[in-house]
Each structure stands twice: as C-alpha cells, then as structure tokens.
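Structure file entry39.cif (mmCIF, C-alpha atoms and all ligand atoms) is printed below.
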data_upload
#
loop_
_atom_site.label_atom_id
_atom_site.label_comp_id
_atom_site.auth_asym_id
_atom_site.auth_seq_id
_atom_site.Cartn_x
_atom_site.Cartn_y
_atom_site.Cartn_z
CA MET A 928 -29.29 -1.70 34.71
CA ALA A 929 -28.49 -4.81 32.71
CA LEU A 930 -26.50 -4.13 29.57
CA LYS A 931 -27.45 -5.51 26.15
CA PHE A 932 -24.62 -6.64 23.86
CA ALA A 933 -25.41 -7.42 20.21
CA LEU A 934 -22.99 -9.67 18.31
CA ALA A 935 -22.77 -8.76 14.62
CA GLY A 936 -20.51 -9.93 11.81
CA ASN A 937 -20.16 -11.67 8.47
CA PRO A 938 -21.05 -15.36 8.13
CA ASN A 939 -18.11 -17.53 9.25
CA CYS A 940 -16.38 -14.81 11.27
CA GLY A 941 -16.68 -16.99 14.41
CA LYS A 942 -19.85 -15.47 15.86
CA THR A 943 -21.39 -18.77 17.01
CA THR A 944 -18.12 -19.77 18.65
CA MET A 945 -17.92 -16.37 20.38
CA PHE A 946 -21.57 -16.48 21.48
CA ASN A 947 -21.13 -19.95 22.97
CA ALA A 948 -17.91 -18.93 24.73
CA LEU A 949 -19.50 -15.77 26.22
CA THR A 950 -22.78 -17.37 27.32
CA GLY A 951 -22.09 -21.08 27.84
CA SER A 952 -25.29 -22.96 28.55
CA ASN A 953 -27.30 -19.82 29.47
CA GLN A 954 -28.91 -19.62 26.02
CA TYR A 955 -32.45 -19.32 24.66
CA VAL A 956 -33.13 -20.09 21.02
CA GLY A 957 -36.25 -18.86 19.22
CA ASN A 958 -37.20 -17.01 16.06
CA TRP A 959 -37.09 -13.32 15.24
CA PRO A 960 -40.66 -11.92 15.23
CA GLY A 961 -42.57 -12.81 12.08
CA VAL A 962 -39.72 -14.60 10.29
CA THR A 963 -38.09 -18.02 10.36
CA VAL A 964 -34.62 -16.64 11.13
CA GLU A 965 -33.19 -18.15 14.31
CA LYS A 966 -32.80 -15.81 17.27
CA LYS A 967 -30.26 -16.70 19.93
CA GLU A 968 -29.93 -14.83 23.19
CA GLY A 969 -28.06 -15.66 26.33
CA LYS A 970 -26.84 -14.30 29.64
CA MET A 971 -23.16 -13.64 29.85
CA LYS A 972 -21.05 -15.96 32.00
CA GLY A 973 -20.21 -14.35 35.33
CA LYS A 974 -16.47 -14.74 34.71
CA PHE A 975 -16.70 -12.14 31.90
CA GLY A 976 -18.54 -9.49 33.95
CA SER A 977 -22.12 -8.96 35.04
CA SER A 978 -24.17 -12.12 34.52
CA ASP A 979 -27.21 -9.85 33.99
CA THR A 980 -25.73 -8.83 30.64
CA ILE A 981 -27.84 -10.11 27.75
CA VAL A 982 -25.94 -11.16 24.63
CA THR A 983 -27.95 -11.28 21.38
CA ASP A 984 -26.45 -13.15 18.45
CA LEU A 985 -27.55 -11.38 15.25
CA PRO A 986 -27.65 -13.34 11.97
CA GLY A 987 -24.42 -13.40 9.93
CA ILE A 988 -24.63 -10.60 7.33
CA TYR A 989 -22.41 -8.73 4.86
CA SER A 990 -24.31 -5.45 4.87
CA LEU A 991 -27.21 -3.52 6.43
CA SER A 992 -29.07 -3.24 3.12
CA PRO A 993 -32.77 -4.23 2.93
CA TYR A 994 -32.31 -7.20 0.59
CA THR A 995 -32.25 -10.26 2.85
CA LEU A 996 -34.31 -11.25 5.88
CA GLU A 997 -31.11 -11.56 7.92
CA GLU A 998 -30.08 -7.99 7.09
CA VAL A 999 -33.51 -6.61 7.89
CA VAL A 1000 -33.72 -8.52 11.18
CA SER A 1001 -30.27 -7.24 12.16
CA ARG A 1002 -30.87 -3.62 11.32
CA ASP A 1003 -34.35 -3.56 12.87
CA TYR A 1004 -32.82 -4.88 16.08
CA ILE A 1005 -29.89 -2.45 16.07
CA LEU A 1006 -31.97 0.62 15.19
CA GLY A 1007 -35.15 -0.33 17.06
CA GLU A 1008 -34.17 -2.25 20.16
CA ASN A 1009 -31.34 -0.03 21.36
CA PRO A 1010 -28.60 -2.48 22.35
CA ASP A 1011 -26.00 -0.71 24.53
CA VAL A 1012 -23.13 -1.84 22.35
CA ILE A 1013 -22.49 -3.77 19.16
CA ILE A 1014 -19.65 -6.26 19.32
CA ASP A 1015 -18.62 -6.37 15.68
CA LEU A 1016 -16.69 -9.54 14.90
CA VAL A 1017 -14.16 -8.95 12.17
CA ASP A 1018 -12.33 -11.96 10.75
CA ALA A 1019 -8.74 -10.74 11.04
CA THR A 1020 -7.67 -12.92 8.12
CA ASN A 1021 -10.28 -11.27 5.89
CA ILE A 1022 -10.29 -7.71 7.20
CA GLU A 1023 -11.05 -5.83 4.02
CA ARG A 1024 -14.28 -7.68 3.26
CA ASN A 1025 -15.43 -7.73 6.89
CA LEU A 1026 -14.92 -3.98 7.41
CA TYR A 1027 -17.60 -3.24 4.82
CA LEU A 1028 -20.23 -4.12 7.42
CA THR A 1029 -18.27 -2.22 10.07
CA THR A 1030 -18.50 1.02 8.08
CA GLN A 1031 -22.29 0.67 8.31
CA LEU A 1032 -22.49 -0.44 11.92
CA ILE A 1033 -20.56 2.62 13.11
CA GLU A 1034 -23.18 4.83 11.45
CA THR A 1035 -26.12 3.38 13.39
CA GLY A 1036 -25.50 5.53 16.46
CA VAL A 1037 -24.99 2.44 18.63
CA PRO A 1038 -21.47 2.32 20.14
CA VAL A 1039 -19.29 -0.36 18.51
CA VAL A 1040 -16.41 -2.45 19.84
CA ILE A 1041 -14.54 -4.51 17.27
CA ALA A 1042 -13.50 -8.06 18.13
CA LEU A 1043 -10.64 -8.75 15.74
CA ASN A 1044 -11.34 -12.47 15.73
CA MET A 1045 -9.17 -15.33 14.45
CA ALA A 1046 -6.22 -13.30 15.75
CA ASP A 1047 -4.51 -16.66 16.49
CA LEU A 1048 -4.08 -17.16 12.73
CA LEU A 1049 -2.41 -13.81 12.03
CA LYS A 1050 1.18 -14.74 12.84
CA LYS A 1051 1.08 -17.90 10.78
CA ARG A 1052 -0.31 -15.94 7.83
CA GLY A 1053 2.33 -13.23 8.16
CA ILE A 1054 -0.23 -10.48 8.89
CA ARG A 1055 0.28 -7.72 11.48
CA VAL A 1056 -2.54 -5.42 12.54
CA ASP A 1057 -1.95 -2.13 14.32
CA THR A 1058 -5.16 -2.31 16.36
CA GLU A 1059 -4.75 1.18 17.85
CA ARG A 1060 -4.34 2.70 14.42
CA LEU A 1061 -7.29 0.77 13.04
CA GLY A 1062 -9.40 1.81 16.03
CA SER A 1063 -8.51 5.46 15.69
CA ILE A 1064 -9.38 5.44 11.98
CA LEU A 1065 -12.75 3.77 12.62
CA GLY A 1066 -13.47 5.64 15.85
CA CYS A 1067 -13.91 2.57 18.06
CA GLU A 1068 -11.95 0.19 20.27
CA VAL A 1069 -10.42 -2.88 18.62
CA VAL A 1070 -9.71 -5.97 20.76
CA PRO A 1071 -7.87 -8.98 19.25
CA THR A 1072 -9.65 -12.24 20.07
CA SER A 1073 -9.60 -15.94 19.37
CA ALA A 1074 -13.10 -17.22 20.05
CA LEU A 1075 -11.83 -20.73 19.30
CA ARG A 1076 -9.13 -20.61 21.97
CA GLY A 1077 -11.04 -18.36 24.36
CA GLU A 1078 -8.33 -15.68 24.11
CA GLY A 1079 -9.06 -11.96 24.50
CA LEU A 1080 -12.69 -12.57 25.51
CA ASP A 1081 -12.19 -11.20 28.98
CA LYS A 1082 -10.75 -7.97 27.61
CA LEU A 1083 -13.46 -7.79 24.95
CA ALA A 1084 -16.30 -8.21 27.44
CA LYS A 1085 -14.74 -5.59 29.77
CA GLN A 1086 -14.30 -3.12 26.90
CA ALA A 1087 -17.87 -3.73 25.69
CA ALA A 1088 -19.19 -3.08 29.22
CA ILE A 1089 -17.18 0.17 29.45
CA THR A 1090 -18.24 1.36 25.99
CA GLY A 1091 -21.87 0.37 26.58
CA ALA A 1092 -22.01 2.13 29.95
CA GLU A 1093 -20.35 5.29 28.57
CA ASN A 1094 -23.13 5.48 25.99
CA SER A 1095 -21.07 8.02 24.08
CA HIS A 1096 -22.29 8.97 20.65
CA ALA A 1097 -19.08 10.12 19.02
CA LEU A 1098 -19.74 10.74 15.33
CA PRO A 1099 -18.23 8.19 12.93
CA PRO A 1100 -15.55 9.30 10.46
CA GLU A 1101 -16.78 11.12 7.37
CA ILE A 1102 -15.99 8.69 4.59
CA PHE A 1103 -17.76 10.19 1.58
CA SER A 1104 -16.93 13.01 -0.86
CA LYS A 1105 -17.42 16.61 0.25
CA GLU A 1106 -20.57 16.89 -1.87
CA LEU A 1107 -22.09 13.68 -0.52
CA GLU A 1108 -21.26 14.60 3.08
CA ALA A 1109 -23.04 17.95 2.49
CA ALA A 1110 -26.07 16.15 1.02
CA ILE A 1111 -26.17 13.80 4.03
CA LYS A 1112 -26.19 16.81 6.38
CA ASN A 1113 -29.00 18.48 4.39
CA VAL A 1114 -31.10 15.32 4.53
CA GLU A 1115 -30.35 14.87 8.24
CA MET A 1116 -31.87 18.31 8.84
CA ILE A 1117 -35.23 17.47 7.28
CA LEU A 1118 -35.69 14.04 8.87
CA PRO A 1119 -38.53 13.74 11.41
CA ALA A 1120 -37.69 15.11 14.86
CA SER A 1121 -38.47 11.68 16.36
CA ILE A 1122 -35.17 10.27 15.03
CA PRO A 1123 -32.46 10.74 17.67
CA GLN A 1124 -29.42 12.80 16.73
CA GLN A 1125 -27.00 9.84 16.74
CA LYS A 1126 -29.13 7.82 14.33
CA ARG A 1127 -29.78 10.57 11.80
CA ARG A 1128 -26.66 9.93 9.71
CA TRP A 1129 -27.63 6.29 9.14
CA TYR A 1130 -31.19 7.22 8.13
CA ALA A 1131 -29.98 10.04 5.86
CA ILE A 1132 -27.58 7.76 4.00
CA LYS A 1133 -30.20 5.04 3.62
CA ILE A 1134 -32.82 7.43 2.34
CA LEU A 1135 -30.34 8.95 -0.13
CA GLU A 1136 -29.68 5.37 -1.32
CA ASN A 1137 -33.45 5.07 -1.92
CA ASP A 1138 -33.80 2.29 0.64
CA SER A 1139 -37.47 1.35 0.24
CA LYS A 1140 -37.93 0.06 3.80
CA VAL A 1141 -36.55 3.23 5.38
CA SER A 1142 -38.62 5.44 3.05
CA ALA A 1143 -41.79 3.55 4.01
CA GLN A 1144 -40.94 3.67 7.71
CA LEU A 1145 -40.35 7.42 7.81
CA SER A 1146 -43.51 8.42 5.85
CA LEU A 1147 -41.95 11.63 4.58
CA SER A 1148 -43.98 14.45 3.05
CA ASP A 1149 -43.88 15.26 -0.67
CA SER A 1150 -41.78 18.34 -0.04
CA GLN A 1151 -39.25 16.36 2.03
CA LEU A 1152 -39.08 13.71 -0.69
CA LYS A 1153 -38.49 16.43 -3.28
CA VAL A 1154 -35.51 17.82 -1.37
CA ILE A 1155 -34.02 14.32 -1.02
CA ALA A 1156 -34.56 13.49 -4.70
CA ALA A 1157 -32.84 16.74 -5.71
CA GLU A 1158 -29.85 16.05 -3.44
CA ARG A 1159 -29.60 12.50 -4.83
CA ALA A 1160 -29.93 13.60 -8.46
CA ALA A 1161 -27.20 16.25 -8.12
CA ILE A 1162 -24.67 13.73 -6.75
CA GLU A 1163 -25.61 11.01 -9.25
CA LYS A 1164 -25.21 13.48 -12.12
CA LYS A 1165 -21.83 14.68 -10.88
CA GLU A 1166 -20.52 11.14 -10.33
CA ASP A 1167 -22.32 9.68 -13.37
CA SER A 1168 -23.42 6.69 -11.29
CA ASP A 1169 -26.30 5.59 -9.06
CA MET A 1170 -26.28 6.47 -5.38
CA GLU A 1171 -25.96 2.90 -4.08
CA SER A 1172 -22.83 2.33 -6.16
CA ILE A 1173 -21.39 5.71 -5.16
CA VAL A 1174 -21.86 4.90 -1.47
CA THR A 1175 -20.49 1.36 -1.84
CA ASP A 1176 -17.41 2.52 -3.76
CA ALA A 1177 -16.69 5.21 -1.16
CA ARG A 1178 -16.91 2.65 1.64
CA TYR A 1179 -14.40 0.38 -0.10
CA ALA A 1180 -12.05 3.29 -0.84
CA PHE A 1181 -12.14 4.24 2.86
CA ILE A 1182 -11.51 0.63 3.89
CA GLN A 1183 -8.58 0.33 1.51
CA LYS A 1184 -6.98 3.39 3.06
CA ALA A 1185 -7.61 2.08 6.58
CA VAL A 1186 -6.14 -1.31 5.74
CA LYS A 1187 -3.13 0.25 4.06
CA ALA A 1188 -2.44 2.27 7.19
CA ALA A 1189 -3.08 -0.42 9.81
CA VAL A 1190 -2.50 -3.86 8.29
CA LYS A 1191 0.82 -5.23 7.18
CA LYS A 1192 1.32 -8.44 5.27
CA SER A 1193 4.81 -10.06 5.25
CA GLY A 1194 7.32 -7.75 3.63
CA GLU A 1195 5.10 -4.64 3.68
CA LYS A 1196 5.53 -1.55 5.83
CA LEU A 1197 2.64 0.29 7.49
CA THR A 1198 2.14 3.71 5.91
CA THR A 1199 2.63 6.66 8.20
CA SER A 1200 0.47 9.29 6.47
CA ASP A 1201 -3.31 9.61 5.78
C1 LIG B 1301 -15.10 -24.84 11.87
N1 LIG B 1301 -9.73 -18.81 15.51
C2 LIG B 1301 -9.76 -19.84 14.64
N2 LIG B 1301 -8.59 -20.33 14.22
N3 LIG B 1301 -10.92 -20.38 14.21
C3 LIG B 1301 -12.07 -19.86 14.66
C4 LIG B 1301 -12.11 -18.79 15.56
C5 LIG B 1301 -10.87 -18.23 16.00
O1 LIG B 1301 -10.80 -17.25 16.75
N4 LIG B 1301 -13.40 -18.51 15.81
C6 LIG B 1301 -14.14 -19.38 15.11
N5 LIG B 1301 -13.34 -20.20 14.41
P1 LIG B 1301 -18.49 -20.08 13.52
P2 LIG B 1301 -20.19 -18.04 12.35
C7 LIG B 1301 -14.15 -25.76 11.18
O2 LIG B 1301 -16.23 -25.14 12.15
O3 LIG B 1301 -18.46 -19.73 14.95
C8 LIG B 1301 -13.72 -21.27 13.48
O4 LIG B 1301 -20.67 -18.46 11.00
C9 LIG B 1301 -14.54 -27.02 10.88
N6 LIG B 1301 -15.82 -27.43 11.22
O5 LIG B 1301 -14.26 -23.21 14.79
O6 LIG B 1301 -19.34 -21.24 13.10
C10 LIG B 1301 -14.80 -22.17 14.03
O7 LIG B 1301 -21.14 -18.38 13.45
C11 LIG B 1301 -13.61 -27.85 10.22
O8 LIG B 1301 -14.64 -23.64 12.15
O9 LIG B 1301 -18.81 -18.82 12.61
C12 LIG B 1301 -15.44 -22.64 12.74
O10 LIG B 1301 -19.78 -16.61 12.36
C13 LIG B 1301 -12.35 -27.39 9.91
O11 LIG B 1301 -14.28 -20.64 12.34
C14 LIG B 1301 -15.32 -21.44 11.82
C15 LIG B 1301 -12.01 -26.09 10.22
O12 LIG B 1301 -16.98 -20.30 13.08
C16 LIG B 1301 -16.60 -20.60 11.77
C17 LIG B 1301 -12.93 -25.28 10.85
C18 LIG B 1301 -16.26 -28.77 10.92
#

In structure tokens, what does this structure look like?
Amino acid sequence: MALKFALAGNPNCGKTTMFNALTGSNQYVGNWPGVTVEKKEGKMKGKFGSSDTIVTDLPGIYSLSPYTLEEVVSRDYILGENPDVIIDLVDATNIERNLYLTTQLIETGVPVVIALNMADLLKKRGIRVDTERLGSILGCEVVPTSALRGEGLDKLAKQAAITGAENSHALPPEIFSKELEAAIKNVEMILPASIPQQKRRWYAIKILENDSKVSAQLSLSDSQLKVIAAERAAIEKKEDSDMESIVTDARYAFIQKAVKAAVKKSGEKLTTSD
C-alpha cells in the first residue's frame, strides 16, 4: 500500500525546499477543507523510493496548540488522517526552538523521523550534533539533511519508508514530573475507548491543558470532566502555576537537557550523563 509522509516543522526550517526536492513537479496545490490555508501534496520522485508515496506539506507551525488555523489544520491532519510517518524538519542551526514542536509531534502516536535540516551550515557555525544521542533521547531516527543542496534526502526518504512501514508505536519519553505523568496516565484511562492506545497520551495532555477543541471533540461526561478537573487542580496547586505553563516549561527543560547532551558549540564538550 502507498505510504503517506507528512512534512512538519517551524516556519523557515526549509520545508518548502524539502517538499520541492522530494516531489519535483508532481505536486497538487489546493486548500485545507473549510479554510484558506494552502494545502500542498505531491508524489515522491521515483529516485527516492516508491513513486506511489504521497508527501503532504503541512503548514509551518511552532506548536500543536489550538490557537492558529495552521496549528489546527496540522494537528487535525496528523491525528485524523493517519499519515504513516511524520518527517519533522528541525533547523539544525536553531535546534532548541525547533524541538519544542518535536516534543509534541512524538506524542501524537504517529511515528516520527527527524530531518536535521540546514546541516550544511553546522560546520561553519561551529556546531556539532550527535544525531544518535539526540535520536535516542527523543526516541526517533535523526537524519542530517540539506534540502538546499539535496544532501541526505535519499537516506531520509529510505528511513521514513522503513519507519512508516514498521508502524511501531514505541512510547515517547516521559518528560514531565512524576505527579504530572501520573495524572496523564489517570486521564488516559478514562478517555473514550474509540481513541487508539498510541494517541491517548496526546489527548490526555491536551485535555489536562484545557484545550477547548479537544474537549469539544471528545464530548466527555460530567463525571469524566470532574476527574480531569481534579487532576489538573492538584498539579496546578502543587506547582503554583497554570497547566499550560507547567507543560510548556517541562518541555523546554527536557529540550535543554537533550541539547546539552547532544549538541556542542565550539569549545564545549558533550555531557556524558543524563
Ligand atoms: C531563502 N541549507 C541551507 N543553507 N539553506 C536552506 C536549507 C538547507 O538545508 N533548506 C532551506 N534553506 P523554505 P519553509 C533565502 O529563501 O524552504 C533556505 O518556510 C533567500 N531567499 O533556500 O522557504 C531556503 O518552507 C535569500 O532561503 O522554508 C530559504 O520551511 C537569502 O532556507 C530558507 C538567503 O526555506 C527557508 C536565503 C530570497
């Protein structure tokens, strides 16, 4: 069966360049249903693998929150249309900011391959990335690429095909406090049975964050909502903050640790612990 690759990443990470390089002239441009956000799809060039593979270019986004049309379009596609794999473009010269989206993509239950794009600029900028280390921390494969120069695309497309065909649903790393991880598990247990196992963590986190779109979509009962509100209130009281900030701060703390372990700027050494 034809595989579906979804390209995701921050604005300016090189997504358009990558999409054009992977698909060439086999592209169709339209709009996402009901909104004026451009939708680009294309068939992958035969030289990168099966030319039946459909590549969908998602809008450039910083997060999977419900606040912009682009974010909503992207998350509806990822959660609702079941792509086989997300190719997450990370601008290698701006790793810390780009990985914020990555921490959310790996929770969606869709397998992720990271394209560490703009890798051609790393040497000049005195940055070294231990891609294996980064991949093992995030729980996904990391392939250095230069969409501009067409480097690494072959390896990326092959890895995406392998990861997509494996369809493995390895759980993402636990990045929150013990209490919040326990709350996520409790909420996961009361979510409707219709939500597949691998997507439950994403929904549980979103509902704990009080994401209005997810709450409306799940039409939870009063008793379910009560349990969730109690879990949320307990964590917010303990941390003396609101849930969205708690989740955001934890993501950045996790990213900082990952970057410290796997990214070296001139003169720095990679850490060996954590
Ligand atoms: C300009 N390496 C390098 N060095 N540059 C890259 C790579 C890469 O791997 N990939 C993309 N770029 P988009 P989004 C530009 O347009 O694909 C460059 O938003 C310029 N333009 O060429 O558009 C790419 O779709 C004038 O750069 O990103 C583009 O994700 C001067 O990154 C930019 C310098 O790529 C954004 C750059 C008139």

Please give me, as a PDB file with C-alpha atoms, in the coordinates of the input, the residues lying within 10 Å of ligand LIG 1301 (chain B) when counting only C-alpha atoms and all ligand atoms.
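Resulting contents of out_4.pdb:
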ATOM      1  CA  LEU A 934     -22.990  -9.670  18.310  1.00  0.00           C
ATOM      2  CA  ALA A 935     -22.770  -8.760  14.620  1.00  0.00           C
ATOM      3  CA  GLY A 936     -20.510  -9.930  11.810  1.00  0.00           C
ATOM      4  CA  ASN A 937     -20.160 -11.670   8.470  1.00  0.00           C
ATOM      5  CA  PRO A 938     -21.050 -15.360   8.130  1.00  0.00           C
ATOM      6  CA  ASN A 939     -18.110 -17.530   9.250  1.00  0.00           C
ATOM      7  CA  CYS A 940     -16.380 -14.810  11.270  1.00  0.00           C
ATOM      8  CA  GLY A 941     -16.680 -16.990  14.410  1.00  0.00           C
ATOM      9  CA  LYS A 942     -19.850 -15.470  15.860  1.00  0.00           C
ATOM     10  CA  THR A 943     -21.390 -18.770  17.010  1.00  0.00           C
ATOM     11  CA  THR A 944     -18.120 -19.770  18.650  1.00  0.00           C
ATOM     12  CA  MET A 945     -17.920 -16.370  20.380  1.00  0.00           C
ATOM     13  CA  PHE A 946     -21.570 -16.480  21.480  1.00  0.00           C
ATOM     14  CA  ASN A 947     -21.130 -19.950  22.970  1.00  0.00           C
ATOM     15  CA  ALA A 948     -17.910 -18.930  24.730  1.00  0.00           C
ATOM     16  CA  ASP A 984     -26.450 -13.150  18.450  1.00  0.00           C
ATOM     17  CA  LEU A 985     -27.550 -11.380  15.250  1.00  0.00           C
ATOM     18  CA  PRO A 986     -27.650 -13.340  11.970  1.00  0.00           C
ATOM     19  CA  GLY A 987     -24.420 -13.400   9.930  1.00  0.00           C
ATOM     20  CA  ILE A 988     -24.630 -10.600   7.330  1.00  0.00           C
ATOM     21  CA  LEU A1016     -16.690  -9.540  14.900  1.00  0.00           C
ATOM     22  CA  VAL A1017     -14.160  -8.950  12.170  1.00  0.00           C
ATOM     23  CA  ASP A1018     -12.330 -11.960  10.750  1.00  0.00           C
ATOM     24  CA  ALA A1019      -8.740 -10.740  11.040  1.00  0.00           C
ATOM     25  CA  THR A1020      -7.670 -12.920   8.120  1.00  0.00           C
ATOM     26  CA  ALA A1042     -13.500  -8.060  18.130  1.00  0.00           C
ATOM     27  CA  LEU A1043     -10.640  -8.750  15.740  1.00  0.00           C
ATOM     28  CA  ASN A1044     -11.340 -12.470  15.730  1.00  0.00           C
ATOM     29  CA  MET A1045      -9.170 -15.330  14.450  1.00  0.00           C
ATOM     30  CA  ALA A1046      -6.220 -13.300  15.750  1.00  0.00           C
ATOM     31  CA  ASP A1047      -4.510 -16.660  16.490  1.00  0.00           C
ATOM     32  CA  LEU A1048      -4.080 -17.160  12.730  1.00  0.00           C
ATOM     33  CA  LEU A1049      -2.410 -13.810  12.030  1.00  0.00           C
ATOM     34  CA  PRO A1071      -7.870  -8.980  19.250  1.00  0.00           C
ATOM     35  CA  THR A1072      -9.650 -12.240  20.070  1.00  0.00           C
ATOM     36  CA  SER A1073      -9.600 -15.940  19.370  1.00  0.00           C
ATOM     37  CA  ALA A1074     -13.100 -17.220  20.050  1.00  0.00           C
ATOM     38  CA  LEU A1075     -11.830 -20.730  19.300  1.00  0.00           C
ATOM     39  CA  ARG A1076      -9.130 -20.610  21.970  1.00  0.00           C
ATOM     40  CA  GLY A1077     -11.040 -18.360  24.360  1.00  0.00           C
ATOM     41  CA  GLU A1078      -8.330 -15.680  24.110  1.00  0.00           C
ATOM     42  CA  GLY A1079      -9.060 -11.960  24.500  1.00  0.00           C
TER      43      GLY A1079
END

* To do: Rank A:Val999, A:Ala933, A:Val1141, A:Gly973 by their smallest atom-to-atom distance to A:Ile1041, using all atoms listed in the file, and report the top residue only.
  => A:Ala933

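Using all atoms listed in the file, the smallest distance between any of A:Val1000, A:Ile1173, A:Leu1026, A:Leu1006 and A:Ile1064 comes from A:Leu1026.
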
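Using only C-alpha atoms, the contacts of A:Lys966 at a cut-off of 6 Å, with sequence neighbours closer than 4 positions omitted, comprise Val956, Gly957, Asn958 and Trp959 of chain A.
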
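By chain and then residue number, the residues within 7 Å of A:Ile1155 are Val1114, Leu1135, Gln1151 and Arg1159 of chain A, counting all atoms listed in the file and disregarding those fewer than 4 positions away in sequence.
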
Answer as a compact mmCIF listing (two decimals) with C-alpha atoms, in the frame of the given file, residues within 9 Å of (-19.1, -10.7, 0.3) using all atoms listed in the file:
# COMPACT_ATOMS: atom_id res chain seq x y z
CA ASN A 937 -20.16 -11.67 8.47
CA ILE A 988 -24.63 -10.60 7.33
CA TYR A 989 -22.41 -8.73 4.86
CA SER A 990 -24.31 -5.45 4.87
CA ARG A 1024 -14.28 -7.68 3.26
CA ASN A 1025 -15.43 -7.73 6.89
CA TYR A 1027 -17.60 -3.24 4.82

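In this model, the gap between atom CA of A:Lys1051 and atom CA of A:Asn1021 comes to 14.0 Å.
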
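Atom pair atom CA of A:Tyr1179 / atom CA of A:Asp1015: separated by 17.7 Å.
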
Enclosing box along x, y and z for every listed atom of stretch 964-968 of chain A, padded 4 Å each side, centre and size in Å, one decimal, as JSON:
{"center_x": -32.3, "center_y": -16.5, "center_z": 17.2, "size_x": 12.7, "size_y": 11.3, "size_z": 20.1}

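The neighbours of A:Leu1107 here are the residues that come within 9 Å of it, using only C-alpha atoms and leaving out any residue fewer than 6 positions away in the same chain; they are Glu1158, Arg1159, Ile1162 and Val1174 of chain A.
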
Save out the residues we just selected, C-alpha atoms, as a PDB file, in the frame of the given file.
ATOM      1  CA  GLU A1158     -29.850  16.050  -3.440  1.00  0.00           C
ATOM      2  CA  ARG A1159     -29.600  12.500  -4.830  1.00  0.00           C
ATOM      3  CA  ILE A1162     -24.670  13.730  -6.750  1.00  0.00           C
ATOM      4  CA  VAL A1174     -21.860   4.900  -1.470  1.00  0.00           C
TER       5      VAL A1174
END

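Atom CA of A:Val1056 to atom CA of A:Glu1101 spans 22.4 Å [interatomic distance, one decimal].
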